[in-house]
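Colleague: Please find run.pdb (PDB, C-alpha atoms, pLDDT in the B column) on the next line:
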ATOM      1  CA  MET A   1       0.000   0.000   0.000  1.00 48.00           C
ATOM      2  CA  ASN A   2       1.332   3.397  -0.952  1.00 61.00           C
ATOM      3  CA  LEU A   3       0.986   5.724   2.020  1.00 76.00           C
ATOM      4  CA  HIS A   4       0.053   9.370   1.485  1.00 84.00           C
ATOM      5  CA  GLU A   5       1.904  12.214   3.164  1.00 85.00           C
ATOM      6  CA  SER A   6      -0.838  12.654   5.771  1.00 88.00           C
ATOM      7  CA  GLY A   7      -0.561   8.999   6.755  1.00 92.00           C
ATOM      8  CA  GLU A   8       3.194   9.318   7.004  1.00 93.00           C
ATOM      9  CA  MET A   9       2.773  12.321   9.276  1.00 93.00           C
ATOM     10  CA  TYR A  10       0.502  10.339  11.591  1.00 95.00           C
ATOM     11  CA  LEU A  11       3.081   7.546  11.767  1.00 96.00           C
ATOM     12  CA  LYS A  12       5.847  10.020  12.532  1.00 96.00           C
ATOM     13  CA  VAL A  13       3.790  11.755  15.244  1.00 96.00           C
ATOM     14  CA  ILE A  14       2.846   8.444  16.880  1.00 97.00           C
ATOM     15  CA  TYR A  15       6.506   7.467  16.837  1.00 97.00           C
ATOM     16  CA  LEU A  16       7.691  10.777  18.310  1.00 96.00           C
ATOM     17  CA  LEU A  17       5.007  10.717  21.005  1.00 97.00           C
ATOM     18  CA  SER A  18       5.872   7.120  21.911  1.00 96.00           C
ATOM     19  CA  LYS A  19       9.441   8.254  22.590  1.00 95.00           C
ATOM     20  CA  ARG A  20       8.168  10.895  25.050  1.00 95.00           C
ATOM     21  CA  LYS A  21       5.466   9.029  26.926  1.00 93.00           C
ATOM     22  CA  PRO A  22       4.664   5.430  27.837  1.00 92.00           C
ATOM     23  CA  HIS A  23       1.311   5.345  26.010  1.00 95.00           C
ATOM     24  CA  VAL A  24      -0.046   7.218  23.025  1.00 97.00           C
ATOM     25  CA  ARG A  25      -3.748   8.014  22.739  1.00 96.00           C
ATOM     26  CA  SER A  26      -5.655   9.717  19.963  1.00 95.00           C
ATOM     27  CA  MET A  27      -6.024  12.873  22.066  1.00 95.00           C
ATOM     28  CA  ASP A  28      -2.229  13.105  22.263  1.00 97.00           C
ATOM     29  CA  ILE A  29      -2.153  13.149  18.467  1.00 96.00           C
ATOM     30  CA  CYS A  30      -4.934  15.758  18.377  1.00 95.00           C
ATOM     31  CA  ASP A  31      -2.981  17.992  20.726  1.00 95.00           C
ATOM     32  CA  TYR A  32       0.344  17.528  18.934  1.00 95.00           C
ATOM     33  CA  MET A  33      -1.016  18.119  15.437  1.00 94.00           C
ATOM     34  CA  SER A  34      -3.775  20.585  16.387  1.00 93.00           C
ATOM     35  CA  PHE A  35      -6.277  18.349  14.592  1.00 94.00           C
ATOM     36  CA  SER A  36      -9.844  17.572  15.599  1.00 93.00           C
ATOM     37  CA  LYS A  37     -10.767  14.237  17.146  1.00 93.00           C
ATOM     38  CA  PRO A  38     -12.789  13.204  14.039  1.00 94.00           C
ATOM     39  CA  SER A  39      -9.817  13.965  11.769  1.00 93.00           C
ATOM     40  CA  VAL A  40      -7.461  11.903  13.891  1.00 94.00           C
ATOM     41  CA  SER A  41     -10.022   9.115  14.117  1.00 94.00           C
ATOM     42  CA  ARG A  42     -10.239   8.951  10.296  1.00 94.00           C
ATOM     43  CA  GLY A  43      -6.460   8.983   9.988  1.00 93.00           C
ATOM     44  CA  LEU A  44      -6.049   6.201  12.534  1.00 95.00           C
ATOM     45  CA  SER A  45      -8.753   4.145  10.848  1.00 94.00           C
ATOM     46  CA  ARG A  46      -6.768   4.243   7.606  1.00 94.00           C
ATOM     47  CA  LEU A  47      -3.540   3.313   9.384  1.00 96.00           C
ATOM     48  CA  LYS A  48      -5.258   0.387  11.093  1.00 95.00           C
ATOM     49  CA  ALA A  49      -6.898  -0.795   7.858  1.00 94.00           C
ATOM     50  CA  ASP A  50      -3.523  -0.718   6.105  1.00 94.00           C
ATOM     51  CA  HIS A  51      -1.831  -2.519   9.042  1.00 96.00           C
ATOM     52  CA  TYR A  52       0.483   0.333  10.011  1.00 97.00           C
ATOM     53  CA  ALA A  53      -0.966   0.797  13.509  1.00 97.00           C
ATOM     54  CA  THR A  54      -3.081  -0.975  16.089  1.00 97.00           C
ATOM     55  CA  VAL A  55      -5.187   0.208  19.001  1.00 95.00           C
ATOM     56  CA  ASP A  56      -5.346  -2.018  22.085  1.00 95.00           C
ATOM     57  CA  GLU A  57      -8.164  -2.548  24.580  1.00 96.00           C
ATOM     58  CA  ASN A  58      -7.009   0.515  26.563  1.00 96.00           C
ATOM     59  CA  ASN A  59      -7.154   2.692  23.420  1.00 94.00           C
ATOM     60  CA  PHE A  60      -3.359   2.940  23.335  1.00 97.00           C
ATOM     61  CA  ILE A  61      -1.958   3.296  19.825  1.00 97.00           C
ATOM     62  CA  HIS A  62       0.949   1.157  18.667  1.00 97.00           C
ATOM     63  CA  LEU A  63       2.840   1.086  15.391  1.00 97.00           C
ATOM     64  CA  THR A  64       3.130  -2.238  13.625  1.00 97.00           C
ATOM     65  CA  GLU A  65       6.515  -3.346  12.332  1.00 97.00           C
ATOM     66  CA  SER A  66       5.809  -1.803   8.920  1.00 96.00           C
ATOM     67  CA  GLY A  67       4.497   1.417  10.493  1.00 96.00           C
ATOM     68  CA  LEU A  68       7.542   1.671  12.737  1.00 97.00           C
ATOM     69  CA  LYS A  69       9.889   1.160   9.794  1.00 96.00           C
ATOM     70  CA  ILE A  70       8.288   4.041   7.871  1.00 95.00           C
ATOM     71  CA  ALA A  71       8.244   6.324  10.932  1.00 96.00           C
ATOM     72  CA  GLU A  72      11.919   5.675  11.677  1.00 96.00           C
ATOM     73  CA  LYS A  73      12.814   6.387   8.039  1.00 94.00           C
ATOM     74  CA  LEU A  74      10.937   9.700   8.157  1.00 94.00           C
ATOM     75  CA  VAL A  75      12.544  10.770  11.434  1.00 95.00           C
ATOM     76  CA  GLU A  76      16.006   9.909  10.113  1.00 95.00           C
ATOM     77  CA  ARG A  77      15.363  11.886   6.932  1.00 95.00           C
ATOM     78  CA  SER A  78      14.014  14.841   8.889  1.00 95.00           C
ATOM     79  CA  ASN A  79      17.015  14.879  11.229  1.00 95.00           C
ATOM     80  CA  TYR A  80      19.605  14.734   8.452  1.00 95.00           C
ATOM     81  CA  ILE A  81      17.829  17.237   6.209  1.00 96.00           C
ATOM     82  CA  THR A  82      17.434  19.646   9.138  1.00 96.00           C
ATOM     83  CA  ALA A  83      21.131  19.276   9.985  1.00 94.00           C
ATOM     84  CA  PHE A  84      22.118  19.831   6.366  1.00 94.00           C
ATOM     85  CA  LEU A  85      19.959  22.923   5.982  1.00 95.00           C
ATOM     86  CA  THR A  86      21.209  24.468   9.222  1.00 95.00           C
ATOM     87  CA  SER A  87      24.801  23.713   8.195  1.00 93.00           C
ATOM     88  CA  ILE A  88      24.346  25.887   5.105  1.00 94.00           C
ATOM     89  CA  GLY A  89      22.948  28.759   7.143  1.00 96.00           C
ATOM     90  CA  VAL A  90      19.201  28.190   7.251  1.00 96.00           C
ATOM     91  CA  ASP A  91      17.542  29.260  10.504  1.00 97.00           C
ATOM     92  CA  PRO A  92      16.933  26.107  12.619  1.00 95.00           C
ATOM     93  CA  GLU A  93      13.156  26.631  12.819  1.00 96.00           C
ATOM     94  CA  VAL A  94      12.895  27.177   9.071  1.00 97.00           C
ATOM     95  CA  ALA A  95      15.183  24.200   8.437  1.00 96.00           C
ATOM     96  CA  GLU A  96      12.991  21.938  10.570  1.00 94.00           C
ATOM     97  CA  ALA A  97       9.795  23.090   8.846  1.00 93.00           C
ATOM     98  CA  ASP A  98      11.338  22.657   5.399  1.00 95.00           C
ATOM     99  CA  ALA A  99      12.747  19.237   6.307  1.00 94.00           C
ATOM    100  CA  CYS A 100       9.263  18.137   7.325  1.00 90.00           C
ATOM    101  CA  LYS A 101       8.037  18.975   3.818  1.00 90.00           C
ATOM    102  CA  ILE A 102      11.035  17.531   1.974  1.00 93.00           C
ATOM    103  CA  GLU A 103      11.225  14.212   3.877  1.00 91.00           C
ATOM    104  CA  HIS A 104       8.134  12.857   2.115  1.00 88.00           C
ATOM    105  CA  ASP A 105       9.237  13.481  -1.465  1.00 90.00           C
ATOM    106  CA  ILE A 106      13.013  13.259  -1.551  1.00 92.00           C
ATOM    107  CA  SER A 107      14.488  10.355  -3.510  1.00 92.00           C
ATOM    108  CA  ASP A 108      16.586   7.722  -1.766  1.00 92.00           C
ATOM    109  CA  GLU A 109      19.558   8.769  -3.902  1.00 95.00           C
ATOM    110  CA  THR A 110      19.334  12.437  -2.949  1.00 93.00           C
ATOM    111  CA  PHE A 111      18.789  11.608   0.714  1.00 93.00           C
ATOM    112  CA  ALA A 112      21.842   9.309   0.712  1.00 93.00           C
ATOM    113  CA  ALA A 113      23.959  12.151  -0.705  1.00 93.00           C
ATOM    114  CA  ILE A 114      22.686  14.606   1.940  1.00 91.00           C
ATOM    115  CA  LYS A 115      23.291  12.037   4.676  1.00 91.00           C
ATOM    116  CA  LYS A 116      26.829  11.371   3.452  1.00 90.00           C
ATOM    117  CA  LEU A 117      27.629  15.074   3.204  1.00 88.00           C
ATOM    118  CA  THR A 118      26.136  15.811   6.631  1.00 88.00           C
ATOM    119  CA  GLU A 119      28.084  12.987   8.286  1.00 87.00           C
ATOM    120  CA  LYS A 120      31.363  14.420   6.934  1.00 79.00           C
ATOM    121  CA  LYS A 121      30.834  17.728   8.767  1.00 63.00           C
TER     122      LYS A 121
END
Represent the supplied structure as structure tokens.

Modeller:
Amino acid sequence: MNLHESGEMYLKVIYLLSKRKPHVRSMDICDYMSFSKPSVSRGLSRLKADHYATVDENNFIHLTESGLKIAEKLVERSNYITAFLTSIGVDPEVAEADACKIEHDISDETFAAIKKLTEKK
């Protein structure tokens, strides 16, 4: 299944929240993304249907192995792109916002080059 950018963002947010707190609930996602409960509910429904996330009996959200793999890839891309952009003089806040946009569309080849260049610095 080809995941859209919005689905990728949900995976990334679930991942980031899970690193900060022991359990992630839909309201945590609402607060983090400033989205309504119905919007988050629709997004989670799609992630569950596509087997990227599960919700347990306590309404805690968990990423599946495939969801976790995508989220980790996005976070890695975001971190390296942000570092690259700041290294060439972009304001850190602007770099982070731009990296969030770029991480979804950048090719593997271009990302590998940015990663290699960033690791040399």

Colleague: For Ile61 of chain A, which of A:Ala95, A:Leu74, A:Ile29, A:Met9 is the closest residue, counting only C-alpha atoms?

Modeller: A:Ile29

Colleague: Could you tell me which residues the PyMOL selection byres ((chain A and resi 10-27) around 10) returns for this structure, as a ChimeraX atom specification?

Modeller: /A:5-9,28-38,40-41,43-44,47,52-53,55,58-64,67-75

Colleague: Kindly give the distance, in Å, that separates atom CA of His104 of chain A and atom CA of Val90 of chain A, rounded to a single decimal.

Modeller: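 So the answer is 19.6 Å.
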
Colleague: What gap, in Å, lies between atom CA of Leu85 of chain A and atom CA of Phe111 of chain A?

Modeller: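 Distance reported for this atom pair: 12.5 Å.
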
Colleague: State, in Å with one decimal place, the distance from atom CA of Gly89 of chain A to atom CA of Lys115 of chain A.

Modeller: 16.9 Å

Colleague: The PyMOL selection byres ((chain A and resi 78) around 9) on the file shown: which residues, as a PyMOL selection string?

Modeller: chain A and resi 73-77+79-83+96+98-103

Colleague: Looking at all atoms listed in the file, which of A:Ser39, A:Ala49, A:Phe84, A:Leu3 is the one that sits closest to Ala112 of chain A?

Modeller: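 Under the stated criterion, the closest residue is A:Phe84.
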
Colleague: How big is the axis-aligned box around all listed atoms of segment 37-55 of chain A once 3 Å goes on each side, and where's its centre, in Å to one decimal, as lines of an AutoDock Vina configuration file?

Modeller:
center_x = -6.2
center_y = 5.9
center_z = 12.6
size_x = 19.3
size_y = 22.8
size_z = 18.9

Colleague: Pick out the closest residue to Leu117 of chain A from this set: A:His51, A:Ser66, A:Ser87, A:Arg46. Count only C-alpha atoms.

Modeller: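 The closest residue to Leu117 of chain A is A:Ser87.
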
Colleague: Hey, could you patch up segment 13-37 of chain A with N, CA and C atoms and hand it over as a PDB file, keeping the file's coordinate frame?

Modeller:
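Just written: selection_0.pdb:
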ATOM      1  N   VAL A  13       4.257  11.171  13.980  1.00 96.00           N
ATOM      2  CA  VAL A  13       3.790  11.755  15.244  1.00 96.00           C
ATOM      3  C   VAL A  13       3.599  10.665  16.301  1.00 96.00           C
ATOM      4  N   ILE A  14       3.017   9.554  15.924  1.00 97.00           N
ATOM      5  CA  ILE A  14       2.846   8.444  16.880  1.00 97.00           C
ATOM      6  C   ILE A  14       4.210   7.993  17.382  1.00 97.00           C
ATOM      7  N   TYR A  15       5.153   7.874  16.465  1.00 97.00           N
ATOM      8  CA  TYR A  15       6.506   7.467  16.837  1.00 97.00           C
ATOM      9  C   TYR A  15       7.140   8.466  17.807  1.00 97.00           C
ATOM     10  N   LEU A  16       7.086   9.751  17.450  1.00 96.00           N
ATOM     11  CA  LEU A  16       7.691  10.777  18.310  1.00 96.00           C
ATOM     12  C   LEU A  16       7.028  10.818  19.688  1.00 96.00           C
ATOM     13  N   LEU A  17       5.711  10.717  19.721  1.00 97.00           N
ATOM     14  CA  LEU A  17       5.007  10.717  21.005  1.00 97.00           C
ATOM     15  C   LEU A  17       5.369   9.491  21.835  1.00 97.00           C
ATOM     16  N   SER A  18       5.534   8.349  21.184  1.00 96.00           N
ATOM     17  CA  SER A  18       5.872   7.120  21.911  1.00 96.00           C
ATOM     18  C   SER A  18       7.257   7.194  22.535  1.00 96.00           C
ATOM     19  N   LYS A  19       8.112   8.059  22.004  1.00 95.00           N
ATOM     20  CA  LYS A  19       9.441   8.254  22.590  1.00 95.00           C
ATOM     21  C   LYS A  19       9.384   9.161  23.819  1.00 95.00           C
ATOM     22  N   ARG A  20       8.315   9.942  23.946  1.00 95.00           N
ATOM     23  CA  ARG A  20       8.168  10.895  25.050  1.00 95.00           C
ATOM     24  C   ARG A  20       7.322  10.386  26.197  1.00 95.00           C
ATOM     25  N   LYS A  21       6.401   9.481  25.888  1.00 93.00           N
ATOM     26  CA  LYS A  21       5.466   9.029  26.926  1.00 93.00           C
ATOM     27  C   LYS A  21       5.228   7.532  26.790  1.00 93.00           C
ATOM     28  N   PRO A  22       4.820   6.892  27.873  1.00 92.00           N
ATOM     29  CA  PRO A  22       4.664   5.430  27.837  1.00 92.00           C
ATOM     30  C   PRO A  22       3.511   4.944  26.958  1.00 92.00           C
ATOM     31  N   HIS A  23       2.477   5.758  26.795  1.00 95.00           N
ATOM     32  CA  HIS A  23       1.311   5.345  26.010  1.00 95.00           C
ATOM     33  C   HIS A  23       0.849   6.508  25.146  1.00 95.00           C
ATOM     34  N   VAL A  24       0.444   6.192  23.940  1.00 97.00           N
ATOM     35  CA  VAL A  24      -0.046   7.218  23.025  1.00 97.00           C
ATOM     36  C   VAL A  24      -1.535   6.985  22.804  1.00 97.00           C
ATOM     37  N   ARG A  25      -2.305   8.052  22.984  1.00 96.00           N
ATOM     38  CA  ARG A  25      -3.748   8.014  22.739  1.00 96.00           C
ATOM     39  C   ARG A  25      -4.084   8.983  21.614  1.00 96.00           C
ATOM     40  N   SER A  26      -5.259   8.843  21.070  1.00 95.00           N
ATOM     41  CA  SER A  26      -5.655   9.717  19.963  1.00 95.00           C
ATOM     42  C   SER A  26      -5.663  11.189  20.376  1.00 95.00           C
ATOM     43  N   MET A  27      -6.022  11.477  21.609  1.00 95.00           N
ATOM     44  CA  MET A  27      -6.024  12.873  22.066  1.00 95.00           C
ATOM     45  C   MET A  27      -4.618  13.467  22.080  1.00 95.00           C
ATOM     46  N   ASP A  28      -3.617  12.632  22.324  1.00 97.00           N
ATOM     47  CA  ASP A  28      -2.229  13.105  22.263  1.00 97.00           C
ATOM     48  C   ASP A  28      -1.897  13.561  20.846  1.00 97.00           C
ATOM     49  N   ILE A  29      -2.375  12.802  19.871  1.00 96.00           N
ATOM     50  CA  ILE A  29      -2.153  13.149  18.467  1.00 96.00           C
ATOM     51  C   ILE A  29      -2.904  14.434  18.124  1.00 96.00           C
ATOM     52  N   CYS A  30      -4.141  14.537  18.596  1.00 95.00           N
ATOM     53  CA  CYS A  30      -4.934  15.758  18.377  1.00 95.00           C
ATOM     54  C   CYS A  30      -4.191  16.979  18.893  1.00 95.00           C
ATOM     55  N   ASP A  31      -3.688  16.873  20.108  1.00 95.00           N
ATOM     56  CA  ASP A  31      -2.981  17.992  20.726  1.00 95.00           C
ATOM     57  C   ASP A  31      -1.699  18.338  19.962  1.00 95.00           C
ATOM     58  N   TYR A  32      -0.942  17.327  19.597  1.00 95.00           N
ATOM     59  CA  TYR A  32       0.344  17.528  18.934  1.00 95.00           C
ATOM     60  C   TYR A  32       0.167  18.157  17.550  1.00 95.00           C
ATOM     61  N   MET A  33      -0.821  17.677  16.819  1.00 94.00           N
ATOM     62  CA  MET A  33      -1.016  18.119  15.437  1.00 94.00           C
ATOM     63  C   MET A  33      -2.036  19.251  15.302  1.00 94.00           C
ATOM     64  N   SER A  34      -2.691  19.589  16.404  1.00 93.00           N
ATOM     65  CA  SER A  34      -3.775  20.585  16.387  1.00 93.00           C
ATOM     66  C   SER A  34      -4.882  20.188  15.409  1.00 93.00           C
ATOM     67  N   PHE A  35      -5.206  18.895  15.425  1.00 94.00           N
ATOM     68  CA  PHE A  35      -6.277  18.349  14.592  1.00 94.00           C
ATOM     69  C   PHE A  35      -7.462  18.007  15.474  1.00 94.00           C
ATOM     70  N   SER A  36      -8.639  17.954  14.869  1.00 93.00           N
ATOM     71  CA  SER A  36      -9.844  17.572  15.599  1.00 93.00           C
ATOM     72  C   SER A  36      -9.855  16.063  15.847  1.00 93.00           C
ATOM     73  N   LYS A  37     -10.627  15.660  16.825  1.00 93.00           N
ATOM     74  CA  LYS A  37     -10.767  14.237  17.146  1.00 93.00           C
ATOM     75  C   LYS A  37     -11.298  13.446  15.932  1.00 93.00           C
TER      76      LYS A  37
END
